[in-house]
file input.cif (mmCIF, C-alpha atoms)
data_target
loop_
_atom_site.label_atom_id
_atom_site.label_comp_id
_atom_site.auth_asym_id
_atom_site.auth_seq_id
_atom_site.Cartn_x
_atom_site.Cartn_y
_atom_site.Cartn_z
CA MET A 1 -17.29 -13.93 -2.27
CA ALA A 2 -18.45 -13.02 1.19
CA HIS A 3 -18.89 -9.33 0.40
CA GLN A 4 -20.74 -7.68 -2.44
CA SER A 5 -18.05 -5.02 -2.74
CA ILE A 6 -14.47 -4.42 -1.70
CA HIS A 7 -13.32 -1.08 -0.32
CA LEU A 8 -9.71 0.10 -0.19
CA LEU A 9 -8.02 2.69 1.97
CA THR A 10 -4.51 3.49 0.77
CA GLN A 11 -1.64 5.37 2.33
CA VAL A 12 1.47 6.10 0.29
CA ASN A 13 4.72 7.02 2.03
CA PRO A 14 7.02 9.53 0.34
CA ILE A 15 8.67 8.18 -2.79
CA GLU A 16 12.45 7.86 -2.45
CA LEU A 17 14.44 8.41 -5.64
CA THR A 18 17.39 6.00 -5.64
CA GLY A 19 18.76 7.05 -9.00
CA GLU A 20 17.76 8.97 -12.12
CA GLU A 21 15.43 6.20 -13.27
CA ARG A 22 14.84 4.27 -10.05
CA ALA A 23 12.68 4.78 -6.99
CA ARG A 24 11.45 2.99 -3.90
CA VAL A 25 8.10 3.42 -2.14
CA THR A 26 6.21 1.84 0.74
CA LEU A 27 2.45 1.86 0.67
CA PHE A 28 -0.25 0.50 2.91
CA VAL A 29 -3.61 -0.87 1.82
CA ALA A 30 -6.60 -1.70 4.02
CA VAL A 31 -9.09 -4.04 2.32
CA ALA A 32 -12.57 -4.03 3.86
CA GLY A 33 -16.10 -5.10 3.05
CA GLU A 34 -17.51 -1.67 3.87
CA PRO A 35 -16.39 1.90 3.15
CA VAL A 36 -13.35 3.16 5.05
CA ASP A 37 -13.01 6.94 5.00
CA ALA A 38 -10.19 7.36 7.51
CA ALA A 39 -7.44 5.31 9.13
CA SER A 40 -9.03 5.90 12.55
CA GLN A 41 -11.96 3.69 11.45
CA LEU A 42 -9.65 0.68 11.19
CA LEU A 43 -9.79 0.28 14.97
CA SER A 44 -13.48 -0.67 14.76
CA LEU A 45 -13.54 -2.52 11.42
CA ARG A 46 -12.41 -5.93 10.34
CA ALA A 47 -10.03 -5.31 7.44
CA ASP A 48 -7.01 -6.97 5.88
CA LEU A 49 -4.03 -4.66 6.30
CA ILE A 50 -1.18 -4.99 3.80
CA ARG A 51 2.24 -3.32 3.52
CA LEU A 52 3.77 -3.20 0.02
CA GLU A 53 7.41 -2.34 -0.65
CA LEU A 54 7.95 -1.54 -4.32
CA GLU A 55 11.06 -0.90 -6.42
CA LEU A 56 10.25 1.20 -9.49
CA VAL A 57 12.20 1.82 -12.69
CA VAL A 58 11.62 3.98 -15.76
CA GLU A 59 11.18 1.88 -18.92
CA GLU A 60 10.27 3.50 -22.23
CA GLY A 61 9.39 6.73 -20.44
CA GLU A 62 6.97 5.08 -17.96
CA TRP A 63 7.42 4.15 -14.30
CA ARG A 64 7.03 0.39 -13.86
CA VAL A 65 7.27 -1.97 -10.90
CA LEU A 66 10.61 -3.77 -10.99
CA SER A 67 10.05 -5.79 -7.84
CA GLY A 68 7.80 -5.88 -4.84
CA ALA A 69 7.29 -7.57 -1.52
CA TRP A 70 4.34 -7.60 0.83
CA ARG A 71 3.58 -8.50 4.40
CA ARG A 72 0.72 -7.99 6.78
CA ALA A 73 0.55 -4.50 8.24
CA GLU A 74 -0.79 -3.39 11.60
CA THR A 75 -3.30 -0.66 12.40
CA ARG A 76 -0.52 1.51 13.87
CA ASP A 77 1.18 1.59 10.44
CA PHE A 78 -1.81 3.57 9.13
CA LEU A 79 -1.93 5.89 12.13
CA GLU A 80 1.72 7.02 11.99
#
call {"tool": "encode", "arguments": {"input": "input.cif", "output": "structure tokens"}}
result
Amino acid sequence: MAHQSIHLLTQVNPIELTGEERARVTLFVAVAGEPVDAASQLLSLRADLIRLELELVVEEGEWRVLSGAWRRAETRDFLE
């Protein structure tokens, strides 16, 4: 591993309920080798930016991920 530690900055968009036991959410994750306290720091850091789209379902009283897809995000996604 190139870095001794991994730091995450997360941003969760509002959760959209699509049924009584289903939901959809988009979240963004910045993965960096140094602490990231705010999205504005991403302009000066080298970080992997990821967009996750998750479908959630209630199973046995717990929310679980039913499906998910990811793609690379851009800095502007974190700043919106």
call {"tool": "closest_residue", "arguments": {"input": "input.cif", "among": "A:Pro35, A:Glu53, A:Asp48, A:Ser67", "to": "Asn13 in chain A", "atoms": "all atoms listed in the file"}}
result
A:Glu53
call {"tool": "atom_distance", "arguments": {"input": "input.cif", "atom1": "CA of Arg46 in chain A", "atom2": "CA of Gly33 in chain A"}}
result
8.2 Å
call {"tool": "closest_residue", "arguments": {"input": "input.cif", "among": "A:Leu54, A:Leu42, A:Ala47, A:Val29", "to": "Ile15 in chain A", "atoms": "only C-alpha atoms"}}
result
A:Leu54
call {"tool": "residues_around", "arguments": {"input": "input.cif", "residues": "Leu52 in chain A", "least_positions_apart": "3", "cutoff": "9 Å", "atoms": "all atoms listed in the file", "output": "JSON, numbers by chain"}}
result
{"A": [25, 26, 27, 28, 29, 68, 69, 70, 71, 72, 73]}
call {"tool": "residues_around", "arguments": {"input": "input.cif", "residues": "Ala32 in chain A", "least_positions_apart": "6", "cutoff": "12 Å", "atoms": "only C-alpha atoms", "output": "list in words"}}
result
Ala2, His3, Gln4, Ser5, Ile6, His7, Leu8, Leu9, Thr10, Ala39, Gln41, Leu42, Ser44, Leu45, Arg46, Ala47, Asp48, Leu49 and Ile50 of chain A
call {"tool": "residues_near_point", "arguments": {"input": "input.cif", "point": "(13.7, 8.6, -9.5)", "cutoff": "12 Å", "atoms": "all atoms listed in the file", "output": "MDAnalysis selection string"}}
result
chainID A and resid 14:25 55:59 61:64
